[in-house]
>>> print(open('input_16.txt').read())   # compact mmCIF, C-alpha atoms (C1' of nucleotides)
# COMPACT_ATOMS: atom_id res chain seq x y z
CA MET A 1 5.21 13.16 5.95
CA SER A 2 5.17 14.61 2.53
CA LEU A 3 2.94 12.28 0.61
CA ASP A 4 0.67 15.19 1.46
CA ASN A 5 2.78 17.48 -0.64
CA VAL A 6 3.14 15.04 -3.50
CA LEU A 7 -0.62 14.60 -3.68
CA LEU A 8 -1.14 18.35 -3.50
CA MET A 9 1.18 18.73 -6.48
CA MET A 10 -0.61 16.00 -8.41
CA LEU A 11 -3.93 17.71 -7.71
CA ASP A 12 -3.09 20.64 -9.94
CA GLN A 13 -6.22 19.38 -11.68
CA PRO A 14 -9.07 17.94 -9.58
CA ALA A 15 -8.95 14.16 -9.41
CA THR A 16 -10.24 11.16 -7.50
CA GLY A 17 -8.26 8.83 -5.28
CA TYR A 18 -8.53 6.26 -7.99
CA ASP A 19 -7.05 8.61 -10.58
CA LEU A 20 -4.10 9.32 -8.33
CA LYS A 21 -3.65 5.67 -7.51
CA SER A 22 -3.55 4.94 -11.24
CA GLU A 23 -0.88 7.55 -11.82
CA PHE A 24 1.27 5.86 -9.20
CA GLU A 25 0.64 2.45 -10.71
CA ALA A 26 1.56 3.66 -14.17
CA GLY A 27 5.01 4.47 -12.83
CA ALA A 28 4.74 8.18 -13.52
CA ILE A 29 5.65 9.04 -9.92
CA THR A 30 8.97 7.30 -9.53
CA PHE A 31 10.19 9.34 -6.62
CA TRP A 32 7.51 8.49 -4.10
CA PRO A 33 5.70 5.22 -3.35
CA ALA A 34 2.09 5.05 -2.20
CA THR A 35 -0.45 2.30 -1.79
CA PRO A 36 -4.15 2.81 -2.50
CA SER A 37 -5.08 2.69 1.16
CA GLN A 38 -2.51 5.29 2.01
CA ILE A 39 -3.70 7.54 -0.78
CA TYR A 40 -7.32 7.31 0.28
CA SER A 41 -6.65 7.92 3.94
CA THR A 42 -4.25 10.77 3.24
CA LEU A 43 -6.78 12.47 0.98
CA ASP A 44 -9.40 12.08 3.69
CA ARG A 45 -7.11 13.58 6.31
CA MET A 46 -6.21 16.54 4.12
CA ASP A 47 -9.89 17.10 3.40
CA GLU A 48 -10.60 17.27 7.14
CA ARG A 49 -7.74 19.71 7.60
CA GLY A 50 -8.97 22.01 4.90
CA LEU A 51 -6.09 21.46 2.47
CA LEU A 52 -8.45 19.81 0.03
CA GLU A 53 -12.16 19.95 -0.67
CA SER A 54 -14.19 17.16 -2.22
CA ARG A 55 -17.52 16.51 -3.85
CA LEU A 56 -19.24 13.31 -4.89
CA GLU A 57 -19.87 12.76 -8.55
CA ALA A 58 -21.88 10.08 -10.30
CA SER A 59 -19.74 7.79 -12.37
CA ALA A 60 -20.55 6.26 -15.76
CA LYS A 61 -19.54 2.85 -14.44
CA GLY A 62 -19.16 1.74 -10.85
CA PRO A 63 -19.95 3.58 -7.64
CA GLU A 64 -19.83 7.31 -7.01
CA ARG A 65 -16.45 8.98 -7.28
CA ARG A 66 -15.13 11.46 -4.78
CA VAL A 67 -13.36 14.26 -6.62
CA TYR A 68 -10.75 16.21 -4.68
CA ALA A 69 -9.46 19.69 -5.41
CA ARG A 70 -6.89 21.86 -3.65
CA THR A 71 -8.15 24.68 -1.51
CA ALA A 72 -6.30 27.98 -1.34
CA ARG A 73 -4.69 26.76 1.89
CA GLY A 74 -3.64 23.55 0.19
CA THR A 75 -2.06 25.46 -2.66
CA GLU A 76 -0.27 27.71 -0.23
CA ARG A 77 1.04 24.76 1.77
CA MET A 78 2.34 23.06 -1.36
CA ARG A 79 4.08 26.20 -2.59
CA GLU A 80 5.78 26.69 0.75
CA TRP A 81 7.08 23.16 0.63
CA VAL A 82 8.38 23.46 -2.92
CA ARG A 83 10.10 26.76 -2.12
CA SER A 84 11.63 25.51 1.11
CA GLU A 85 15.11 24.03 1.33
CA PRO A 86 15.58 20.85 -0.66
CA VAL A 87 14.85 17.88 1.57
CA LEU A 88 18.01 15.82 1.35
CA GLY A 89 19.72 13.07 3.28
CA ARG A 90 16.59 11.20 4.30
CA GLU A 91 16.59 8.64 1.52
CA ARG A 92 16.19 5.02 2.53
CA LEU A 93 18.06 3.00 -0.05
CA ALA A 94 17.42 -0.49 1.20
CA TYR A 95 19.11 -2.12 -1.78
CA ILE A 96 22.37 -0.37 -0.98
CA ALA A 97 22.16 -1.66 2.56
CA GLN A 98 21.57 -5.15 1.23
CA LEU A 99 24.45 -4.82 -1.20
CA SER A 100 26.87 -3.83 1.51
CA GLY A 101 25.62 -6.72 3.63
CA ILE A 102 26.43 -9.39 1.06
CA GLY A 103 29.97 -9.48 2.41
CA LEU A 104 28.57 -10.84 5.66
CA LEU A 105 27.26 -13.96 3.91
CA ASP A 106 29.20 -17.10 3.16
CA ASP A 107 28.28 -17.50 -0.48
CA PRO A 108 29.80 -14.81 -2.68
CA ARG A 109 27.77 -15.98 -5.68
CA VAL A 110 24.83 -14.15 -4.15
CA GLY A 111 26.56 -10.91 -5.09
CA VAL A 112 26.49 -11.68 -8.80
CA ASP A 113 22.81 -12.55 -8.64
CA PHE A 114 22.04 -9.48 -6.67
CA LEU A 115 23.80 -7.12 -9.03
CA VAL A 116 22.17 -8.74 -12.03
CA GLN A 117 18.76 -8.23 -10.46
CA LEU A 118 19.57 -4.65 -9.57
CA ARG A 119 20.70 -3.87 -13.07
CA HIS A 120 17.65 -5.49 -14.55
CA TRP A 121 15.36 -3.42 -12.38
CA PHE A 122 17.24 -0.20 -13.08
CA ARG A 123 17.02 -0.84 -16.80
CA GLY A 124 13.28 -1.40 -16.61
CA ARG A 125 12.76 1.79 -14.69
CA LEU A 126 15.01 3.58 -17.13
CA GLU A 127 12.83 2.48 -20.01
CA THR A 128 9.71 3.68 -18.22
CA LEU A 129 11.23 7.09 -17.62
CA ALA A 130 12.57 7.32 -21.15
CA GLY A 131 9.06 6.64 -22.42
CA ILE A 132 7.63 9.39 -20.26
CA GLU A 133 10.32 11.76 -21.41
CA ALA A 134 9.64 10.98 -25.05
CA ALA A 135 5.94 11.69 -24.53
CA LEU A 136 6.77 14.95 -22.80
CA LEU A 137 9.16 16.09 -25.52
CA ARG A 138 6.95 15.09 -28.42
CA GLY A 139 6.53 18.05 -30.70
CA ARG A 140 8.56 20.53 -28.69
CA GLU A 141 11.95 22.04 -29.01
CA PRO A 142 13.71 20.93 -25.83
CA ILE A 143 14.68 24.51 -24.99
CA GLU A 144 11.37 26.20 -25.73
CA PHE A 145 9.64 24.74 -22.71
CA ASP A 146 7.17 26.76 -20.80
CA ASP A 147 8.30 26.87 -17.20
CA ALA A 148 5.94 24.21 -15.83
CA SER A 149 7.04 21.44 -18.14
CA PHE A 150 10.67 22.36 -17.84
CA PHE A 151 10.78 21.25 -14.24
CA ASP A 152 8.79 18.11 -14.88
CA TRP A 153 11.43 17.34 -17.44
CA ALA A 154 14.23 18.31 -15.05
CA ALA A 155 12.92 15.84 -12.49
CA LEU A 156 12.83 13.14 -15.15
CA ARG A 157 16.36 13.96 -16.25
CA MET A 158 17.59 13.69 -12.68
CA GLY A 159 16.08 10.25 -12.40
CA ILE A 160 17.27 9.05 -15.78
CA THR A 161 20.81 10.28 -15.24
CA ALA A 162 21.14 8.54 -11.90
CA LEU A 163 19.62 5.31 -13.19
CA ASP A 164 21.94 5.26 -16.14
CA ALA A 165 24.92 5.70 -13.85
CA ARG A 166 23.70 2.90 -11.61
CA VAL A 167 23.29 0.53 -14.51
CA ARG A 168 26.87 1.18 -15.56
CA CYS A 169 28.04 0.77 -11.98
CA CYS A 170 26.37 -2.64 -11.79
CA SER A 171 28.10 -3.71 -14.98
CA GLU A 172 31.51 -2.58 -13.79
CA LEU A 173 31.09 -4.38 -10.48
CA LEU A 174 29.96 -7.53 -12.28
CA GLU A 175 33.06 -7.44 -14.44
CA LEU A 176 35.24 -7.28 -11.36
CA LEU A 177 33.36 -10.16 -9.76
CA GLU A 178 33.67 -12.28 -12.86
CA GLU A 179 37.42 -11.72 -12.97
CA ARG A 180 37.61 -12.92 -9.40
CA GLU A 181 35.21 -15.81 -9.83
CA PRO A 182 35.44 -17.13 -13.35
CA ASP A 183 32.32 -19.25 -12.87
CA PRO A 184 34.12 -22.55 -12.16
CA SER A 185 30.87 -24.58 -12.25
CA GLY A 186 30.47 -24.28 -16.02
CA ARG A 187 26.94 -22.85 -16.17
CA GLY A 188 24.62 -23.20 -13.22
CA PRO A 189 21.15 -21.65 -13.05
CA ARG A 190 22.70 -18.39 -11.93
CA SER A 191 25.05 -18.21 -14.83
CA SER A 192 22.18 -18.43 -17.28
CA VAL A 193 20.35 -15.60 -15.60
CA ARG A 194 23.47 -13.54 -15.90
CA THR A 195 23.91 -14.08 -19.60
CA ALA A 196 20.22 -13.55 -20.23
CA ASP A 197 20.48 -10.04 -18.91
CA ALA A 198 23.95 -9.04 -20.03
CA MET B 1 10.80 -1.45 8.67
CA SER B 2 14.35 -2.26 8.01
CA LEU B 3 16.27 0.02 10.27
CA ASP B 4 16.23 -3.27 12.14
CA ASN B 5 18.24 -4.88 9.40
CA VAL B 6 20.62 -1.98 9.03
CA LEU B 7 21.38 -2.05 12.74
CA LEU B 8 21.80 -5.82 12.68
CA MET B 9 24.37 -5.39 9.93
CA MET B 10 26.19 -2.68 11.82
CA LEU B 11 26.29 -4.92 14.89
CA ASP B 12 28.71 -7.31 13.27
CA GLN B 13 30.78 -6.25 16.27
CA PRO B 14 29.01 -5.58 19.59
CA ALA B 15 28.32 -1.90 20.12
CA THR B 16 26.26 0.55 22.14
CA GLY B 17 23.47 2.77 20.91
CA TYR B 18 25.83 5.65 21.19
CA ASP B 19 28.42 3.97 18.98
CA LEU B 20 25.82 3.34 16.32
CA LYS B 21 24.46 6.85 16.60
CA SER B 22 27.99 8.16 16.08
CA GLU B 23 28.43 6.09 12.95
CA PHE B 24 25.29 7.64 11.53
CA GLU B 25 26.42 11.12 12.47
CA ALA B 26 29.81 10.61 10.90
CA GLY B 27 28.03 10.10 7.59
CA ALA B 28 29.22 6.53 7.15
CA ILE B 29 25.67 5.27 6.63
CA THR B 30 24.51 7.37 3.73
CA PHE B 31 21.73 5.08 2.62
CA TRP B 32 19.61 5.15 5.74
CA PRO B 33 18.75 7.97 8.15
CA ALA B 34 18.21 7.44 11.86
CA THR B 35 17.90 9.71 14.86
CA PRO B 36 19.28 8.80 18.30
CA SER B 37 15.86 8.21 19.75
CA GLN B 38 14.92 5.90 16.94
CA ILE B 39 18.15 3.97 17.33
CA TYR B 40 17.68 3.51 21.05
CA SER B 41 14.08 2.45 20.82
CA THR B 42 14.73 0.10 17.92
CA LEU B 43 17.60 -1.57 19.79
CA ASP B 44 15.35 -1.96 22.80
CA ARG B 45 12.59 -3.52 20.72
CA MET B 46 14.97 -5.95 19.04
CA ASP B 47 16.35 -6.89 22.43
CA GLU B 48 12.85 -7.76 23.64
CA ARG B 49 12.25 -9.79 20.50
CA GLY B 50 15.40 -11.80 20.94
CA LEU B 51 17.21 -10.48 17.88
CA LEU B 52 19.77 -8.81 20.10
CA GLU B 53 21.09 -9.36 23.58
CA SER B 54 22.55 -6.69 25.79
CA ARG B 55 24.62 -6.26 28.91
CA LEU B 56 25.51 -3.19 30.96
CA GLU B 57 29.13 -2.19 31.14
CA ALA B 58 30.86 0.40 33.27
CA SER B 59 32.23 3.26 31.22
CA ALA B 60 35.49 5.13 31.72
CA LYS B 61 33.58 8.39 31.42
CA GLY B 62 29.88 9.02 31.81
CA PRO B 63 27.09 6.64 32.79
CA GLU B 64 26.92 2.90 32.19
CA ARG B 65 26.82 1.77 28.59
CA ARG B 66 24.47 -0.85 27.26
CA VAL B 67 26.33 -3.05 24.81
CA TYR B 68 24.28 -4.89 22.21
CA ALA B 69 25.22 -7.99 20.29
CA ARG B 70 23.37 -10.03 17.70
CA THR B 71 21.86 -13.29 18.80
CA ALA B 72 21.83 -16.30 16.49
CA ARG B 73 18.26 -15.39 15.57
CA GLY B 74 19.32 -11.82 14.82
CA THR B 75 22.09 -13.01 12.56
CA GLU B 76 19.71 -15.37 10.80
CA ARG B 77 17.15 -12.62 10.29
CA MET B 78 19.75 -10.27 8.84
CA ARG B 79 21.09 -12.90 6.45
CA GLU B 80 17.62 -13.68 5.20
CA TRP B 81 17.05 -10.03 4.49
CA VAL B 82 20.33 -9.57 2.65
CA ARG B 83 19.71 -12.70 0.56
CA SER B 84 16.14 -11.76 -0.26
CA GLU B 85 15.13 -9.89 -3.40
CA PRO B 86 16.56 -6.39 -3.63
CA VAL B 87 14.12 -3.94 -2.11
CA LEU B 88 13.52 -1.46 -4.90
CA GLY B 89 10.98 1.16 -5.84
CA ARG B 90 10.25 2.37 -2.33
CA GLU B 91 12.62 5.34 -2.31
CA ARG B 92 11.18 8.65 -1.22
CA LEU B 93 13.11 11.29 -3.08
CA ALA B 94 11.53 14.43 -1.73
CA TYR B 95 13.93 16.71 -3.54
CA ILE B 96 12.84 15.32 -6.91
CA ALA B 97 9.23 15.98 -5.98
CA GLN B 98 10.17 19.52 -5.04
CA LEU B 99 12.10 19.99 -8.27
CA SER B 100 9.18 18.91 -10.39
CA GLY B 101 6.93 21.22 -8.39
CA ILE B 102 8.93 24.35 -9.15
CA GLY B 103 7.00 24.69 -12.38
CA LEU B 104 3.88 25.32 -10.32
CA LEU B 105 5.40 28.45 -8.80
CA ASP B 106 5.36 31.92 -10.32
CA ASP B 107 9.00 32.78 -9.88
CA PRO B 108 11.26 30.69 -12.12
CA ARG B 109 14.36 32.06 -10.39
CA VAL B 110 13.65 29.62 -7.59
CA GLY B 111 14.70 26.83 -9.93
CA VAL B 112 18.23 28.16 -10.29
CA ASP B 113 18.58 28.50 -6.55
CA PHE B 114 17.20 25.09 -5.98
CA LEU B 115 19.54 23.37 -8.43
CA VAL B 116 22.52 25.23 -7.01
CA GLN B 117 21.62 24.04 -3.55
CA LEU B 118 21.11 20.49 -4.76
CA ARG B 119 24.44 20.43 -6.51
CA HIS B 120 26.17 21.86 -3.48
CA TRP B 121 24.73 19.18 -1.25
CA PHE B 122 25.55 16.38 -3.69
CA ARG B 123 29.12 17.58 -3.93
CA GLY B 124 29.50 17.59 -0.17
CA ARG B 125 28.13 14.08 0.11
CA LEU B 126 30.39 13.02 -2.73
CA GLU B 127 33.43 14.25 -0.83
CA THR B 128 32.37 12.37 2.27
CA LEU B 129 31.98 9.15 0.34
CA ALA B 130 35.22 9.68 -1.52
CA GLY B 131 36.97 10.05 1.83
CA ILE B 132 35.47 6.82 3.11
CA GLU B 133 36.45 5.05 -0.09
CA ALA B 134 40.03 6.31 0.17
CA ALA B 135 40.24 5.02 3.74
CA LEU B 136 38.85 1.65 2.68
CA LEU B 137 41.26 1.31 -0.25
CA ARG B 138 44.32 2.45 1.64
CA GLY B 139 47.07 -0.11 1.19
CA ARG B 140 45.08 -2.56 -0.91
CA GLU B 141 45.02 -3.50 -4.51
CA PRO B 142 41.46 -2.67 -5.56
CA ILE B 143 40.95 -6.17 -6.93
CA GLU B 144 42.49 -8.17 -4.09
CA PHE B 145 39.64 -7.49 -1.70
CA ASP B 146 38.48 -10.12 0.67
CA ASP B 147 34.79 -10.66 0.05
CA ALA B 148 33.47 -8.66 2.99
CA SER B 149 35.12 -5.39 2.03
CA PHE B 150 34.35 -5.85 -1.61
CA PHE B 151 30.65 -5.31 -1.01
CA ASP B 152 31.21 -2.42 1.34
CA TRP B 153 33.15 -0.90 -1.48
CA ALA B 154 30.49 -1.82 -4.03
CA ALA B 155 27.87 0.01 -1.98
CA LEU B 156 30.12 3.05 -1.83
CA ARG B 157 30.71 2.91 -5.58
CA MET B 158 26.98 2.78 -6.21
CA GLY B 159 26.50 5.90 -4.13
CA ILE B 160 29.44 7.77 -5.60
CA THR B 161 28.47 6.95 -9.17
CA ALA B 162 24.91 8.17 -8.74
CA LEU B 163 25.99 11.33 -6.92
CA ASP B 164 28.48 12.16 -9.60
CA ALA B 165 25.79 11.77 -12.26
CA ARG B 166 23.43 13.98 -10.29
CA VAL B 167 26.02 16.72 -9.94
CA ARG B 168 26.51 16.71 -13.68
CA CYS B 169 22.78 16.71 -14.25
CA CYS B 170 22.41 19.80 -12.05
CA SER B 171 25.09 21.58 -14.02
CA GLU B 172 23.50 20.74 -17.35
CA LEU B 173 20.09 21.91 -16.19
CA LEU B 174 21.61 25.12 -14.85
CA GLU B 175 23.21 25.80 -18.20
CA LEU B 176 19.86 25.46 -19.92
CA LEU B 177 18.22 27.76 -17.38
CA GLU B 178 20.90 30.36 -17.81
CA GLU B 179 20.44 30.34 -21.55
CA ARG B 180 16.76 30.97 -21.02
CA GLU B 181 17.19 33.54 -18.28
CA PRO B 182 20.41 35.46 -18.84
CA ASP B 183 20.20 37.02 -15.37
CA PRO B 184 18.69 40.36 -16.45
CA SER B 185 19.11 41.93 -13.00
CA GLY B 186 22.88 42.19 -13.25
CA ARG B 187 23.85 40.38 -10.06
CA GLY B 188 21.36 39.91 -7.26
CA PRO B 189 22.01 37.87 -4.13
CA ARG B 190 21.09 34.70 -6.01
CA SER B 191 23.57 35.34 -8.74
CA SER B 192 26.39 35.54 -6.22
CA VAL B 193 25.41 32.25 -4.66
CA ARG B 194 25.43 30.72 -8.08
CA THR B 195 28.90 31.89 -8.97
CA ALA B 196 30.21 30.94 -5.55
CA ASP B 197 29.34 27.33 -6.18
CA ALA B 198 29.91 27.03 -9.91
C1' DC C 1 -23.88 -16.20 -13.41
C1' DC C 2 -19.04 -15.60 -12.69
C1' DA C 3 -14.95 -13.20 -12.93
C1' DC C 4 -12.81 -9.00 -13.57
C1' DG C 5 -12.04 -4.15 -13.29
C1' DC C 6 -13.88 0.13 -11.26
C1' DA C 7 -14.04 2.64 -7.01
C1' DT C 8 -13.96 3.17 -2.26
C1' DG C 9 -12.56 2.44 1.92
C1' DT C 10 -11.64 0.36 7.39
C1' DA C 11 -8.96 -1.67 11.16
C1' DA C 12 -4.95 -3.17 13.39
C1' DT C 13 -0.35 -2.81 13.90
C1' DA C 14 4.20 -1.23 13.24
C1' DG C 15 7.38 2.26 12.53
C1' DG C 16 9.14 7.08 12.41
C1' DT C 17 9.42 12.04 14.12
C1' DT C 18 9.79 15.61 17.41
C1' DA C 19 10.52 17.42 21.63
C1' DC C 20 11.96 16.84 25.94
C1' DA C 21 14.44 14.71 30.23
C1' DT C 22 18.39 13.12 32.98
C1' DG C 23 22.68 12.68 34.96
C1' DA C 24 27.83 11.83 34.79
C1' DT C 25 32.53 13.38 33.50
C1' DT C 26 35.88 16.22 31.33
C1' DT C 27 37.88 20.72 29.80
C1' DA C 28 38.19 25.59 29.98
C1' DT D 1 31.74 26.68 38.11
C1' DA D 2 30.01 26.69 33.53
C1' DA D 3 29.83 24.48 29.17
C1' DA D 4 30.54 20.62 26.34
C1' DT D 5 30.38 15.87 25.51
C1' DC D 6 29.23 11.19 26.93
C1' DA D 7 25.32 8.24 27.34
C1' DT D 8 20.75 7.03 27.89
C1' DG D 9 16.34 7.26 27.24
C1' DT D 10 10.48 8.61 27.44
C1' DA D 11 6.15 10.43 25.70
C1' DA D 12 3.12 12.10 22.36
C1' DC D 13 2.00 12.23 17.99
C1' DC D 14 1.91 11.25 13.22
C1' DT D 15 2.63 8.18 9.21
C1' DA D 16 2.95 3.95 6.79
C1' DT D 17 2.02 -0.97 6.03
C1' DT D 18 -0.78 -4.94 5.66
C1' DA D 19 -4.72 -7.30 5.22
C1' DC D 20 -9.26 -7.27 4.54
C1' DA D 21 -14.20 -5.58 3.11
C1' DT D 22 -17.77 -3.86 -0.03
C1' DG D 23 -20.52 -3.10 -3.82
C1' DC D 24 -21.42 -1.74 -8.84
C1' DG D 25 -21.26 -2.72 -13.83
C1' DT D 26 -19.55 -5.14 -17.98
C1' DG D 27 -18.23 -8.94 -20.97
C1' DG D 28 -17.86 -13.76 -21.74
>>> encode(input="input_16.txt", output="structure tokens")
Amino acid sequence: MSLDNVLLMMLDQPATGYDLKSEFEAGAITFWPATPSQIYSTLDRMDERGLLESRLEASAKGPERRVYARTARGTERMREWVRSEPVLGRERLAYIAQLSGIGLLDDPRVGVDFLVQLRHWFRGRLETLAGIEAALLRGREPIEFDDASFFDWAALRMGITALDARVRCCSELLELLEEREPDPSGRGPRSSVRTADA
Amino acid sequence: MSLDNVLLMMLDQPATGYDLKSEFEAGAITFWPATPSQIYSTLDRMDERGLLESRLEASAKGPERRVYARTARGTERMREWVRSEPVLGRERLAYIAQLSGIGLLDDPRVGVDFLVQLRHWFRGRLETLAGIEAALLRGREPIEFDDASFFDWAALRMGITALDARVRCCSELLELLEEREPDPSGRGPRSSVRTADA
DNA sequence: CCACGCATGTAATAGGTTACATGATTTA
DNA sequence: TAAATCATGTAACCTATTACATGCGTGG
């Protein structure tokens, strides 16, 4: 759907499929997942449709690299998408579905585990984003942004804020669960995981 | 992918495609989108695969209704999914992509508009979830939940918490933008939208 | 020379989106 | 009798996922 648009945005400078793939793997694009094969085939499709153009370049090491650049049509398409209404309400938050399904299981201990894992993951992602933000802010007054970086930063802020809230939500829910289930088994394997992360 | 699992969870009581569709439309399932046609075809597929079974029932009004129920295999499949590792990092947050792309446009005013629209939508969703939470809590001590409802509530909390944080993030970003761009045009159409929602 | 990282993909399958189709019953 | 709502889908197309394939160059 709009991996197209995400790639068009990322191609503000010409780049190869491998470059883009690496950006995804570095965790810089936290709002959209993509596998290498999807990236390559999407780039190919957009090339055919005239949204991108490509040329082969010799590489210092390894095989030839195909470098993609936006065409005028591609740029136009991307701008239209950015300017259009915000695309909302189509998020697939599988982990929330799983969380709400834990009540359908027999073993309530699963819930503690699950929330601990969630919180752990959110914290990791939070650190990644905080690192990116620090790099972006380095040497600038936060308010003196040129317009381009301001919205990169805004997107980061939106992610960081929500992650931070989710981490706190996990902790509050865990407190409630621990009141209800004061870990009668002493310390099982689960209990040690919990303390390790708390 | 896992609309299957979401539907299996919702089918804790037997229901028709129409019932499920209505639940989605009522906004109760905020973490997963689904259109009627996708619901019907997914139910059909799961029926063929033995995860669901169905029977036709006469309806008081309108045509016959096909009522679906989980089979033992369906229940097993759903439980496995809920107990498996939390599915994280596959969210497609198009609006964040759009937000970060605003810097690639010429007109920075778009950013104000965009954030106002985002905030408006988040607030609406927040109200919906708050209503569902109020209905769930009605007449109960928040801590005396039976296990099933506790995790329904936990999922709601997770959504509400993140939405609340996002609303505040929008407001903070808008403040920064207004410092930078003190609306030199007096009040255009955009300015009135902004005040209407602020 | 072997393993690893660079760099590029293909093929098969599953899943999601959009637009359209159909017919019954209730309410105005 | 017309419109709205109940209730069910089909067909065509596009996208995404998974698993696999290939071949170069570098360092141990």
>>> closest_residue(input="input_16.txt", among="B:Glu127, B:Pro14, B:Glu23, B:Thr35", to="B:Thr71", atoms="only C-alpha atoms")
B:Pro14
>>> residues_near_point(input="input_16.txt", point="(13.1, 16.0, 25.6)", cutoff="9 Å", atoms="all atoms listed in the file", output="list in words")
DT18, DA19, DC20 and DA21 of chain C; DT10 and DA11 of chain D
>>> residues_around(input="input_16.txt", residues="B:Leu51", least_positions_apart="5", cutoff="12 Å", atoms="all atoms listed in the file", output="MDAnalysis selection string")
chainID B and resid 4:5 7:9 11 42:46 68:78
>>> write_last_selection(input="input_16.txt", atoms="C-alpha atoms", output="CSV table (one decimal), in the frame of the given file")
chain,number,residue,atom,x,y,z
B,4,ASP,CA,16.2,-3.3,12.1
B,5,ASN,CA,18.2,-4.9,9.4
B,7,LEU,CA,21.4,-2.0,12.7
B,8,LEU,CA,21.8,-5.8,12.7
B,9,MET,CA,24.4,-5.4,9.9
B,11,LEU,CA,26.3,-4.9,14.9
B,42,THR,CA,14.7,0.1,17.9
B,43,LEU,CA,17.6,-1.6,19.8
B,44,ASP,CA,15.4,-2.0,22.8
B,45,ARG,CA,12.6,-3.5,20.7
B,46,MET,CA,15.0,-6.0,19.0
B,68,TYR,CA,24.3,-4.9,22.2
B,69,ALA,CA,25.2,-8.0,20.3
B,70,ARG,CA,23.4,-10.0,17.7
B,71,THR,CA,21.9,-13.3,18.8
B,72,ALA,CA,21.8,-16.3,16.5
B,73,ARG,CA,18.3,-15.4,15.6
B,74,GLY,CA,19.3,-11.8,14.8
B,75,THR,CA,22.1,-13.0,12.6
B,76,GLU,CA,19.7,-15.4,10.8
B,77,ARG,CA,17.2,-12.6,10.3
B,78,MET,CA,19.8,-10.3,8.8
>>> interface_residues(input="input_16.txt", of="chain C", to="chain A", cutoff="9 Å", atoms="all atoms listed in the file", output="list in words")
DC6, DA7, DT8 and DG9 of chain C
>>> interface_residues(input="input_16.txt", of="chain A", to="chain B", cutoff="8 Å", atoms="all atoms listed in the file", output="JSON, numbers by chain")
{"A": [2, 6, 9, 30, 31, 32, 33, 79, 81, 82, 83, 85, 86, 87, 88, 89, 90, 91, 92, 93, 94, 95, 96, 97, 98, 99, 100, 101, 102, 103, 104, 105, 108, 110, 114, 117, 118, 121, 143, 147, 148, 149, 150, 151, 152, 153, 154, 155, 157, 158, 161, 162, 163, 165, 166, 169, 170, 173, 176, 180]}
>>> interface_residues(input="input_16.txt", of="chain D", to="chain B", cutoff="8 Å", atoms="all atoms listed in the file", output="VMD selection string")
chain D and resid 6 to 7 9
>>> atom_distance(input="input_16.txt", atom1="atom CA of A:Ala26", atom2="atom CA of A:Thr128")
9.1 Å
>>> axis_aligned_box(input="input_16.txt", around="stretch 5-19 of chain C", padding_each_side="3 Å", output="JSON")
{"center_x": -1.8, "center_y": 6.6, "center_z": 4.2, "size_x": 30.6, "size_y": 27.6, "size_z": 40.9}
>>> residues_around(input="input_16.txt", residues="C:DT17", least_positions_apart="3", cutoff="9 Å", atoms="all atoms listed in the file", output="ChimeraX atom specification")
/B:35,38 /D:13-14
>>> atom_distance(input="input_16.txt", atom1="atom CA of A:Ala134", atom2="atom CA of A:Ser22")
20.0 Å
>>> atom_distance(input="input_16.txt", atom1="atom CA of B:Phe24", atom2="atom C1' of D:DT5")
17.0 Å
>>> residues_around(input="input_16.txt", residues="C:DC4", least_positions_apart="6", cutoff="12 Å", atoms="all atoms listed in the file", output="PyMOL selection string")
chain D and resi 25-28
>>> write_last_selection(input="input_16.txt", atoms="C-alpha atoms (C1' of nucleotides)", output="mmCIF file, in the frame of the given file")
data_model
loop_
_atom_site.group_PDB
_atom_site.id
_atom_site.type_symbol
_atom_site.label_atom_id
_atom_site.label_comp_id
_atom_site.auth_asym_id
_atom_site.auth_seq_id
_atom_site.Cartn_x
_atom_site.Cartn_y
_atom_site.Cartn_z
ATOM 1 C "C1'" DG D 25 -21.260 -2.720 -13.830
ATOM 2 C "C1'" DT D 26 -19.550 -5.140 -17.980
ATOM 3 C "C1'" DG D 27 -18.230 -8.940 -20.970
ATOM 4 C "C1'" DG D 28 -17.860 -13.760 -21.740
#
